[in-house]
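Undergrad: Next comes target_17.cif, mmCIF, C-alpha atoms:
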```cif
data_target
loop_
_atom_site.label_atom_id
_atom_site.label_comp_id
_atom_site.auth_asym_id
_atom_site.auth_seq_id
_atom_site.Cartn_x
_atom_site.Cartn_y
_atom_site.Cartn_z
CA MET A 1 18.28 15.26 -9.84
CA ILE A 2 15.40 16.19 -12.16
CA ALA A 3 14.79 12.47 -12.64
CA ALA A 4 14.74 11.97 -8.86
CA ILE A 5 12.13 14.73 -8.48
CA ALA A 6 10.07 13.26 -11.32
CA ILE A 7 10.13 9.80 -9.78
CA GLY A 8 9.11 11.40 -6.47
CA VAL A 9 6.03 12.94 -8.10
CA CYS A 10 5.17 9.60 -9.75
CA ALA A 11 5.59 7.76 -6.44
CA GLY A 12 3.22 10.25 -4.82
CA VAL A 13 0.58 9.79 -7.50
CA VAL A 14 0.82 6.00 -7.11
CA ALA A 15 0.59 6.41 -3.33
CA GLY A 16 -2.56 8.52 -3.63
CA LEU A 17 -4.18 6.27 -6.21
CA LEU A 18 -3.36 2.94 -4.63
CA GLY A 19 -2.85 3.54 -0.90
CA VAL A 20 0.73 2.34 -0.83
CA GLY A 21 3.62 4.33 0.57
CA GLY A 22 5.35 4.77 -2.77
CA GLY A 23 8.37 2.65 -1.84
CA VAL A 24 7.91 0.59 -4.98
CA LEU A 25 9.14 3.65 -6.94
CA PHE A 26 11.21 5.40 -4.25
CA VAL A 27 13.59 2.46 -3.79
CA PRO A 28 14.59 1.97 -7.46
CA GLY A 29 14.62 5.77 -7.93
CA LEU A 30 17.05 6.25 -5.06
CA VAL A 31 19.26 3.43 -6.35
CA ILE A 32 19.29 4.44 -10.03
CA PHE A 33 19.19 8.25 -9.90
CA LEU A 34 20.83 9.09 -6.57
CA GLY A 35 23.30 6.22 -6.41
CA LEU A 36 22.29 4.76 -3.04
CA GLY A 37 22.87 1.10 -2.23
CA GLN A 38 19.80 -1.17 -1.99
CA HIS A 39 19.84 -1.21 1.81
CA GLN A 40 20.27 2.56 2.18
CA ALA A 41 17.61 3.15 -0.46
CA GLU A 42 15.10 1.02 1.47
CA ALA A 43 15.86 2.90 4.69
CA THR A 44 15.71 6.32 3.03
CA SER A 45 12.49 5.40 1.24
CA LEU A 46 10.83 4.78 4.61
CA LEU A 47 11.52 8.38 5.66
CA ALA A 48 10.19 9.74 2.35
CA ILE A 49 7.01 7.69 2.81
CA ILE A 50 6.06 9.41 6.10
CA PRO A 51 4.99 12.84 4.74
CA VAL A 52 3.31 11.17 1.74
CA ALA A 53 1.27 8.87 3.98
CA ILE A 54 0.33 11.71 6.36
CA VAL A 55 -0.89 14.04 3.60
CA GLY A 56 -2.59 11.19 1.75
CA THR A 57 -4.39 10.11 4.92
CA TYR A 58 -5.52 13.67 5.59
CA LYS A 59 -6.97 14.03 2.08
CA GLN A 60 -8.62 10.58 2.12
CA ASP A 61 -10.09 11.31 5.54
CA GLY A 62 -11.68 14.41 4.02
CA TYR A 63 -13.37 12.15 1.46
CA GLY A 64 -14.57 9.82 4.25
CA ASN A 65 -12.34 6.94 3.16
CA VAL A 66 -10.34 6.38 6.36
CA ARG A 67 -11.60 3.93 9.01
CA ARG A 68 -9.58 5.28 11.87
CA HIS A 69 -9.95 2.49 14.43
CA ASP A 70 -9.04 -0.17 11.89
CA ALA A 71 -6.01 1.83 10.79
CA LEU A 72 -4.86 2.32 14.39
CA LEU A 73 -5.19 -1.39 15.19
CA MET A 74 -3.27 -2.43 12.07
CA GLY A 75 -0.66 0.28 12.55
CA LEU A 76 0.11 -0.68 16.14
CA LEU A 77 0.25 -4.43 15.45
CA SER A 78 2.40 -3.88 12.40
CA ILE A 79 5.14 -2.51 14.61
CA ALA A 80 5.40 -5.88 16.37
CA GLY A 81 5.25 -7.52 12.96
CA ALA A 82 8.06 -5.34 11.66
CA ALA A 83 10.32 -6.38 14.52
CA ALA A 84 9.53 -10.03 13.69
CA GLY A 85 10.21 -9.34 10.01
CA VAL A 86 13.67 -7.98 10.73
CA ALA A 87 14.47 -11.07 12.82
CA LEU A 88 13.13 -13.36 10.06
CA ALA A 89 15.16 -11.55 7.43
CA ASN A 90 18.29 -12.44 9.36
CA ALA A 91 17.27 -16.04 10.01
CA LEU A 92 16.03 -17.14 6.59
CA SER A 93 17.43 -17.25 3.07
CA GLY A 94 16.76 -14.01 1.22
CA THR A 95 16.19 -15.76 -2.10
CA VAL A 96 13.58 -18.14 -0.71
CA LEU A 97 11.74 -15.23 0.95
CA ARG A 98 11.75 -13.07 -2.15
CA VAL A 99 10.56 -15.83 -4.48
CA GLY A 100 7.89 -16.86 -1.97
CA PHE A 101 6.54 -13.36 -1.51
CA ALA A 102 6.68 -12.59 -5.23
CA ALA A 103 4.56 -15.69 -5.94
CA LEU A 104 2.12 -14.68 -3.20
CA MET A 105 1.77 -11.17 -4.63
CA VAL A 106 0.96 -12.52 -8.09
CA LEU A 107 -1.72 -14.81 -6.57
CA VAL A 108 -3.25 -11.89 -4.65
CA ALA A 109 -3.19 -9.77 -7.82
CA LEU A 110 -5.15 -12.47 -9.66
CA GLN A 111 -7.74 -12.60 -6.87
CA LEU A 112 -8.14 -8.83 -6.99
CA VAL A 113 -8.68 -8.92 -10.74
CA ARG A 114 -11.24 -11.70 -10.41
CA LYS A 115 -13.14 -9.85 -7.69
CA ALA A 116 -13.15 -6.59 -9.65
CA LEU A 117 -14.37 -8.25 -12.84
CA ASP A 118 -17.05 -10.25 -10.95
CA ASP A 119 -18.64 -7.08 -9.58
CA PRO A 120 -20.56 -5.26 -12.33
CA GLU A 121 -21.04 -2.14 -10.21
CA SER A 122 -17.30 -1.64 -9.87
CA ALA A 123 -17.15 -0.36 -13.45
CA ASP A 124 -19.22 2.69 -12.49
CA SER A 125 -17.22 5.81 -11.82
CA PRO A 126 -18.69 8.05 -9.11
CA ARG A 127 -19.59 10.71 -11.63
CA ARG A 128 -21.51 8.35 -13.90
CA GLU A 129 -23.66 6.57 -11.35
CA VAL A 130 -26.89 8.27 -12.38
CA SER A 131 -26.78 7.21 -16.00
CA ARG A 132 -26.28 3.57 -15.01
CA GLU A 133 -28.83 3.53 -12.25
CA ASN A 134 -31.14 1.00 -13.88
CA ARG A 135 -28.55 -1.56 -14.78
CA PRO A 136 -29.39 -5.08 -13.56
CA THR A 137 -27.13 -6.20 -10.75
CA ARG A 138 -25.92 -9.74 -10.29
CA ASP A 139 -26.34 -11.55 -7.00
CA ASP A 140 -22.80 -12.08 -5.74
CA SER A 141 -23.60 -13.64 -2.39
CA ALA A 142 -22.13 -17.00 -3.39
CA MET B 1 -11.79 -16.75 3.42
CA ARG B 2 -13.43 -13.95 1.51
CA ALA B 3 -15.77 -11.60 3.35
CA ASP B 4 -18.74 -10.87 1.15
CA ARG B 5 -20.57 -8.75 3.69
CA PRO B 6 -19.29 -5.23 4.30
CA VAL B 7 -19.27 -5.68 8.07
CA ALA B 8 -17.95 -8.97 9.48
CA PRO B 9 -18.66 -10.00 13.11
CA SER B 10 -16.55 -7.85 15.34
CA ALA B 11 -14.22 -10.37 17.05
CA ASN B 12 -13.51 -12.05 13.73
CA ARG B 13 -12.98 -8.64 12.20
CA ALA B 14 -10.51 -7.52 14.86
CA LEU B 15 -8.61 -10.79 14.43
CA LYS B 16 -8.36 -10.28 10.68
CA LEU B 17 -7.21 -6.68 11.15
CA GLY B 18 -4.58 -7.95 13.58
CA VAL B 19 -3.36 -10.51 11.09
CA ILE B 20 -3.23 -7.92 8.30
CA GLY B 21 -1.35 -5.41 10.45
CA THR B 22 1.18 -8.00 11.61
CA ALA B 23 1.67 -9.35 8.07
CA ALA B 24 2.21 -5.82 6.75
CA GLY B 25 4.78 -5.21 9.46
CA VAL B 26 6.63 -8.45 8.71
CA PHE B 27 6.67 -7.60 5.02
CA SER B 28 7.90 -4.11 5.80
CA GLY B 29 10.64 -5.38 8.11
CA LEU B 30 11.73 -7.98 5.57
CA PHE B 31 11.78 -5.87 2.44
CA GLY B 32 11.87 -2.25 3.58
CA VAL B 33 8.55 -1.17 2.11
CA GLY B 34 5.57 0.48 3.79
CA GLY B 35 3.28 -2.53 3.72
CA GLY B 36 0.49 -1.03 1.60
CA SER B 37 0.81 -3.80 -0.95
CA VAL B 38 -0.21 -6.21 1.83
CA ILE B 39 -2.87 -4.08 3.54
CA VAL B 40 -4.94 -2.91 0.57
CA PRO B 41 -5.67 -6.27 -1.10
CA LEU B 42 -6.33 -8.02 2.22
CA LEU B 43 -8.80 -5.34 3.33
CA VAL B 44 -10.60 -5.76 0.00
CA LEU B 45 -10.51 -9.57 -0.15
CA TRP B 46 -10.99 -10.39 3.56
CA LEU B 47 -12.96 -7.55 5.05
CA GLY B 48 -15.06 -6.47 2.09
CA TYR B 49 -13.64 -2.95 2.01
CA GLY B 50 -14.26 -0.90 -1.12
CA PRO B 51 -11.01 -0.02 -2.91
CA ARG B 52 -11.23 3.66 -1.89
CA GLU B 53 -11.71 2.88 1.81
CA ALA B 54 -8.96 0.25 1.63
CA THR B 55 -6.43 2.68 0.17
CA GLY B 56 -7.35 5.52 2.55
CA THR B 57 -7.17 3.31 5.63
CA SER B 58 -3.95 1.72 4.38
CA LEU B 59 -2.24 5.12 4.15
CA ALA B 60 -3.18 5.84 7.77
CA ALA B 61 -1.70 2.52 8.93
CA ILE B 62 1.44 3.14 6.86
CA VAL B 63 2.15 6.32 8.85
CA PHE B 64 2.80 4.09 11.91
CA ILE B 65 4.81 1.46 10.05
CA ALA B 66 7.01 3.91 8.18
CA ALA B 67 7.63 6.11 11.23
CA PHE B 68 8.71 3.14 13.34
CA ALA B 69 10.81 1.58 10.59
CA ALA B 70 12.46 4.88 9.58
CA ALA B 71 13.36 5.60 13.21
CA THR B 72 14.91 2.12 13.56
CA GLN B 73 16.85 2.43 10.30
CA GLY B 74 17.85 5.99 11.23
CA ALA B 75 19.40 4.68 14.44
CA TYR B 76 21.60 2.42 12.30
CA GLY B 77 22.63 5.41 10.17
CA ASN B 78 21.09 4.05 6.96
CA VAL B 79 18.74 6.98 6.25
CA HIS B 80 19.92 9.73 3.86
CA VAL B 81 17.76 12.65 4.94
CA LEU B 82 18.49 14.99 2.01
CA ASP B 83 17.81 12.27 -0.54
CA ALA B 84 14.57 11.42 1.28
CA LEU B 85 13.51 15.07 1.00
CA LEU B 86 14.48 15.23 -2.65
CA VAL B 87 12.04 12.45 -3.57
CA GLY B 88 9.60 12.88 -0.66
CA VAL B 89 8.69 16.55 -1.11
CA PRO B 90 7.70 16.19 -4.79
CA ALA B 91 5.82 13.05 -3.76
CA VAL B 92 3.61 15.09 -1.42
CA GLY B 93 2.46 17.04 -4.48
CA GLY B 94 1.95 13.73 -6.26
CA VAL B 95 -0.18 12.26 -3.49
CA LEU B 96 -2.51 15.28 -3.61
CA LEU B 97 -2.99 14.67 -7.33
CA GLY B 98 -3.33 10.90 -6.85
CA THR B 99 -6.03 11.10 -4.16
CA TRP B 100 -7.94 13.70 -6.17
CA LEU B 101 -7.79 11.51 -9.26
CA GLN B 102 -8.80 8.40 -7.32
CA GLN B 103 -12.14 9.88 -6.26
CA ARG B 104 -13.00 10.24 -9.96
CA MET B 105 -12.06 6.71 -11.03
CA ALA B 106 -14.22 3.59 -11.20
CA THR B 107 -13.39 1.24 -8.32
CA ARG B 108 -12.71 -1.49 -10.88
CA SER B 109 -9.94 0.62 -12.44
CA ILE B 110 -8.38 1.13 -8.99
CA SER B 111 -8.38 -2.64 -8.35
CA LEU B 112 -6.96 -3.49 -11.77
CA LEU B 113 -4.26 -0.84 -11.48
CA PHE B 114 -3.43 -2.16 -8.02
CA ALA B 115 -3.10 -5.69 -9.38
CA ALA B 116 -0.74 -4.42 -12.08
CA VAL B 117 1.45 -2.66 -9.50
CA LEU B 118 1.47 -5.83 -7.36
CA VAL B 119 2.81 -7.83 -10.28
CA ALA B 120 5.41 -5.10 -10.94
CA SER B 121 6.42 -5.22 -7.27
CA ALA B 122 6.76 -9.01 -7.48
CA VAL B 123 9.10 -8.60 -10.46
CA GLU B 124 11.08 -5.93 -8.62
CA LEU B 125 11.43 -8.26 -5.63
CA LEU B 126 12.85 -10.97 -7.90
CA VAL B 127 15.38 -8.82 -9.73
CA ARG B 128 16.74 -6.78 -6.82
#
```
Would you encode the structure as structure tokens?
TA:
Amino acid sequence: MIAAIAIGVCAGVVAGLLGVGGGVLFVPGLVIFLGLGQHQAEATSLLAIIPVAIVGTYKQDGYGNVRRHDALLMGLLSIAGAAAGVALANALSGTVLRVGFAALMVLVALQLVRKALDDPESADSPRREVSRENRPTRDDSA
Amino acid sequence: MRADRPVAPSANRALKLGVIGTAAGVFSGLFGVGGGSVIVPLLVLWLGYGPREATGTSLAAIVFIAAFAAATQGAYGNVHVLDALLVGVPAVGGVLLGTWLQQRMATRSISLLFAAVLVASAVELLVR
């Protein structure tokens, strides 16, 4: 139970840092420490995500980081997408889907790394901006 | 298809947001996750969002996805409410710490950390 609480805290930190729901930690945590099956863990994780996402959104909105109209549009369309996803999950081979998505995620990760490393300003933390004010910036309009 | 300008033309922008939202929903329906691992990188790579805005906006969209998906799964009797509370309540404390910490990190660190978690998620998807 202590382990479940600890993994909950970690999932929350990851959610706050990275803007994900925390399911990536909730699901294995529920399976390993609370003995749920994979399917029940996924379903239970979705409920745990709700308060995390609400509080995280509230805090990020306070920092000016939430674009509300964009979030609303994505949120509403994602509901239709989710219904399609459930239908697809039943129609297609699970293994093919998982391997396909895993490959896609690794490709996206590589693109993110490339973009971050290409942008010299991204290394500046908000608190250190002043000391790096005069650094030359590269033209990245290509 | 990378957006290098912070603000893309509005019809194009709405279309991309629609695609991202739908893709996040499909991913969520398929694999039972919130969809943030789809939303955040696509907002950064397609719409030129900064990592902080991408993560904040992603959390707001996740509220819709998770609420809908949890309600659907709840109707099938798959949701264990007490277990959800056991991990979810500590996680609310965690998200306060995480958002606070994020405002003090370089955006590059956020992106690199995100990429690492994406790769970890890909591995998790393969071994489950």
Undergrad: For each of A:Gly19, A:Asn90, A:Leu25, A:Arg67, take the minimum atom-to-atom distance to Ala120 of chain B, counting only C-alpha atoms, then give the residue where this is smallest.
TA: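 That would be A:Leu25, the residue with the smallest distance to Ala120 of chain B.
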Undergrad: Which residues are near Thr95 of chain A? Cut-off 12 Å, all atoms listed in the file, ignore same chain within fewer than 4 positions. Put them as a ChimeraX atom specification.
TA: /A:89,99-102 /B:30-31,125-128
Undergrad: I'd like the neighbourhood of segment 55-63 of chain B as a list in words, where a residue qualifies if any of its atoms comes within 6 Å (using all atoms listed in the file), though same-chain residues fewer than 2 positions away should be ignored.
TA: Leu18, Gly19, Ile50, Ala53, Thr57, Gln60, Asn65, Val66, Arg67, Ala71 and Gly75 of chain A; Gly34, Gly36, Ile39, Val40, Arg52, Glu53, Ile65, Ala66 and Ala67 of chain B
Undergrad: Can you turn the PyMOL selection byres ((chain B and resi 118) around 8) into a concrete residue list for this file, as a JSON list (two decimals) with C-alpha atoms, in the coordinates of the input?
TA:
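Output file expr_7.json is given in full below:
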```json
[["chain", "number", "residue", "atom", "x", "y", "z"],
["A", 105, "MET", "CA", 1.77, -11.17, -4.63],
["A", 106, "VAL", "CA", 0.96, -12.52, -8.09],
["A", 109, "ALA", "CA", -3.19, -9.77, -7.82],
["B", 37, "SER", "CA", 0.81, -3.80, -0.95],
["B", 114, "PHE", "CA", -3.43, -2.16, -8.02],
["B", 115, "ALA", "CA", -3.10, -5.69, -9.38],
["B", 116, "ALA", "CA", -0.74, -4.42, -12.08],
["B", 117, "VAL", "CA", 1.45, -2.66, -9.50],
["B", 119, "VAL", "CA", 2.81, -7.83, -10.28],
["B", 120, "ALA", "CA", 5.41, -5.10, -10.94],
["B", 121, "SER", "CA", 6.42, -5.22, -7.27],
["B", 122, "ALA", "CA", 6.76, -9.01, -7.48]]
```
Undergrad: As an exercise, work out the distance from atom CA of His69 of chain A to atom CA of Asn12 of chain B in Å and give it to one decimal place.
TA: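 One can read the atom CA of His69 of chain A to atom CA of Asn12 of chain B distance as 15.0 Å.
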Undergrad: Which is closer to chain A than all the others in B:Val38, B:Val19, B:Ala14, B:Val26, using all atoms listed in the file?
TA: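 Among the listed residues, B:Val26 lies closest to chain A.
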Undergrad: Carefully work through the PyMOL selection byres ((chain B and resi 43) around 9) for this structure and note down the residues it includes, as an MDAnalysis selection string.
TA: chainID B and resid 16:17 20 38:42 44:51 53:55 58
Undergrad: Counting all atoms listed in the file, which residue out of A:Ala123, A:Val86, A:Ala3, A:Leu77 sits closest to Ser109 of chain B?
TA: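 Residue with the minimum atom-to-atom distance to Ser109 of chain B: A:Ala123.
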Undergrad: Kindly give the distance, in Å, that separates atom CA of Gly88 of chain B and atom CA of Pro51 of chain A, rounded to a single decimal.
TA: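 Atom CA of Gly88 of chain B sits 7.1 Å away from atom CA of Pro51 of chain A.
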Undergrad: Quick one: residues within 7 Å of segment 38-46 of chain A, all atoms listed in the file, excluding same-chain residues fewer than 4 positions away - as a JSON list (two decimals) with C-alpha atoms, in the frame of the given file?
TA:
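Final output, result_39.json:
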```json
[["chain", "number", "residue", "atom", "x", "y", "z"],
["A", 23, "GLY", "CA", 8.37, 2.65, -1.84],
["A", 26, "PHE", "CA", 11.21, 5.40, -4.25],
["A", 27, "VAL", "CA", 13.59, 2.46, -3.79],
["A", 30, "LEU", "CA", 17.05, 6.25, -5.06],
["A", 31, "VAL", "CA", 19.26, 3.43, -6.35],
["A", 50, "ILE", "CA", 6.06, 9.41, 6.10],
["B", 32, "GLY", "CA", 11.87, -2.25, 3.58],
["B", 33, "VAL", "CA", 8.55, -1.17, 2.11],
["B", 34, "GLY", "CA", 5.57, 0.48, 3.79],
["B", 66, "ALA", "CA", 7.01, 3.91, 8.18],
["B", 69, "ALA", "CA", 10.81, 1.58, 10.59],
["B", 70, "ALA", "CA", 12.46, 4.88, 9.58],
["B", 73, "GLN", "CA", 16.85, 2.43, 10.30],
["B", 78, "ASN", "CA", 21.09, 4.05, 6.96],
["B", 79, "VAL", "CA", 18.74, 6.98, 6.25],
["B", 80, "HIS", "CA", 19.92, 9.73, 3.86],
["B", 81, "VAL", "CA", 17.76, 12.65, 4.94],
["B", 84, "ALA", "CA", 14.57, 11.42, 1.28]]
```
Undergrad: Which residues are close to segment 111-118 of chain A, i.e. within 7 Å by all atoms listed in the file, leaving aside same-chain residues fewer than 3 positions away? Reply as a list in words.
TA: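 The neighbour list is Leu107, Val108 and Ser122 of chain A; Pro41, Arg108, Ser111, Leu112 and Ala115 of chain B.
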Undergrad: Export, as a CSV table (one decimal), in the frame of the given file, the selected residues with C-alpha atoms.
TA:
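So selection_2.csv came out as:
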```csv
chain,number,residue,atom,x,y,z
A,107,LEU,CA,-1.7,-14.8,-6.6
A,108,VAL,CA,-3.2,-11.9,-4.6
A,122,SER,CA,-17.3,-1.6,-9.9
B,41,PRO,CA,-5.7,-6.3,-1.1
B,108,ARG,CA,-12.7,-1.5,-10.9
B,111,SER,CA,-8.4,-2.6,-8.4
B,112,LEU,CA,-7.0,-3.5,-11.8
B,115,ALA,CA,-3.1,-5.7,-9.4
```
Undergrad: Which of these residues is nearest to chain A, using all atoms listed in the file: B:Leu82, B:Ala71, B:Val95, B:Ala11?
TA: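 Distance minimum relative to chain A lands on B:Val95.
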Undergrad: For the PyMOL selection byres ((chain B and resi 96) around 9), applied here, can you spell out every residue it catches as a PyMOL selection string?
TA: (chain A and resi 12-13+16+52+55-56+59) or (chain B and resi 91-95+97-101)
Undergrad: To one decimal place, how far is atom CA of Ile49 of chain A from atom CA of Gly22 of chain A in Å?
TA: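 A separation of 6.5 Å between them.
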Undergrad: Pick out the closest residue to chain A from this set: B:Gly25, B:Val123, B:Leu113, B:Gly35. Count all atoms listed in the file.
TA: B:Gly25
Undergrad: With distances taken over only C-alpha atoms, which of A:Leu34, A:Gly85, A:Leu104, A:Ile2 is nearest to chain B?
TA: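 Of A:Leu34, A:Gly85, A:Leu104, A:Ile2, the one nearest chain B is A:Gly85, counting only C-alpha atoms.
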Undergrad: Neighbourhood query: residues within 8 Å of (-15.1, 4.8, -10.2), file coordinates, counting all atoms listed in the file; return as a ChimeraX atom specification.
TA: /A:122-127 /B:102-110
Undergrad: Could you name the residues that touch Ser78 of chain A at 6 Å or less, counting all atoms listed in the file, but leaving out those on the same chain fewer than 6 positions away, as a PyMOL selection string?
TA: chain B and resi 21-22+24-25
Undergrad: Keeping N, CA and C atoms, write segment 95-107 of chain A of the structure just shown out as a PDB file, in the first residue's frame.
TA:
```
ATOM      1  N   THR A  95      -1.331  -7.053 -31.118  1.00  0.00           N
ATOM      2  CA  THR A  95       0.122  -7.037 -31.248  1.00  0.00           C
ATOM      3  C   THR A  95       0.572  -6.041 -32.313  1.00  0.00           C
ATOM      4  N   VAL A  96      -0.124  -6.087 -33.467  1.00  0.00           N
ATOM      5  CA  VAL A  96       0.234  -5.167 -34.550  1.00  0.00           C
ATOM      6  C   VAL A  96       0.087  -3.724 -34.084  1.00  0.00           C
ATOM      7  N   LEU A  97      -1.035  -3.428 -33.386  1.00  0.00           N
ATOM      8  CA  LEU A  97      -1.277  -2.073 -32.906  1.00  0.00           C
ATOM      9  C   LEU A  97      -0.185  -1.620 -31.943  1.00  0.00           C
ATOM     10  N   ARG A  98       0.153  -2.503 -30.995  1.00  0.00           N
ATOM     11  CA  ARG A  98       1.111  -2.105 -29.977  1.00  0.00           C
ATOM     12  C   ARG A  98       2.490  -1.879 -30.570  1.00  0.00           C
ATOM     13  N   VAL A  99       2.914  -2.753 -31.472  1.00  0.00           N
ATOM     14  CA  VAL A  99       4.227  -2.578 -32.095  1.00  0.00           C
ATOM     15  C   VAL A  99       4.227  -1.312 -32.944  1.00  0.00           C
ATOM     16  N   GLY A 100       3.138  -1.089 -33.688  1.00  0.00           N
ATOM     17  CA  GLY A 100       3.039   0.101 -34.528  1.00  0.00           C
ATOM     18  C   GLY A 100       3.115   1.387 -33.714  1.00  0.00           C
ATOM     19  N   PHE A 101       2.335   1.450 -32.652  1.00  0.00           N
ATOM     20  CA  PHE A 101       2.338   2.662 -31.833  1.00  0.00           C
ATOM     21  C   PHE A 101       3.663   2.857 -31.105  1.00  0.00           C
ATOM     22  N   ALA A 102       4.256   1.757 -30.645  1.00  0.00           N
ATOM     23  CA  ALA A 102       5.540   1.866 -29.955  1.00  0.00           C
ATOM     24  C   ALA A 102       6.589   2.459 -30.893  1.00  0.00           C
ATOM     25  N   ALA A 103       6.596   1.989 -32.153  1.00  0.00           N
ATOM     26  CA  ALA A 103       7.557   2.509 -33.131  1.00  0.00           C
ATOM     27  C   ALA A 103       7.307   3.997 -33.377  1.00  0.00           C
ATOM     28  N   LEU A 104       6.016   4.357 -33.483  1.00  0.00           N
ATOM     29  CA  LEU A 104       5.653   5.753 -33.712  1.00  0.00           C
ATOM     30  C   LEU A 104       6.117   6.642 -32.553  1.00  0.00           C
ATOM     31  N   MET A 105       5.959   6.158 -31.330  1.00  0.00           N
ATOM     32  CA  MET A 105       6.352   6.940 -30.158  1.00  0.00           C
ATOM     33  C   MET A 105       7.855   7.175 -30.130  1.00  0.00           C
ATOM     34  N   VAL A 106       8.632   6.159 -30.533  1.00  0.00           N
ATOM     35  CA  VAL A 106      10.080   6.333 -30.546  1.00  0.00           C
ATOM     36  C   VAL A 106      10.470   7.375 -31.607  1.00  0.00           C
ATOM     37  N   LEU A 107       9.797   7.334 -32.770  1.00  0.00           N
ATOM     38  CA  LEU A 107      10.074   8.328 -33.815  1.00  0.00           C
ATOM     39  C   LEU A 107       9.762   9.737 -33.337  1.00  0.00           C
TER      40      LEU A 107
END
```
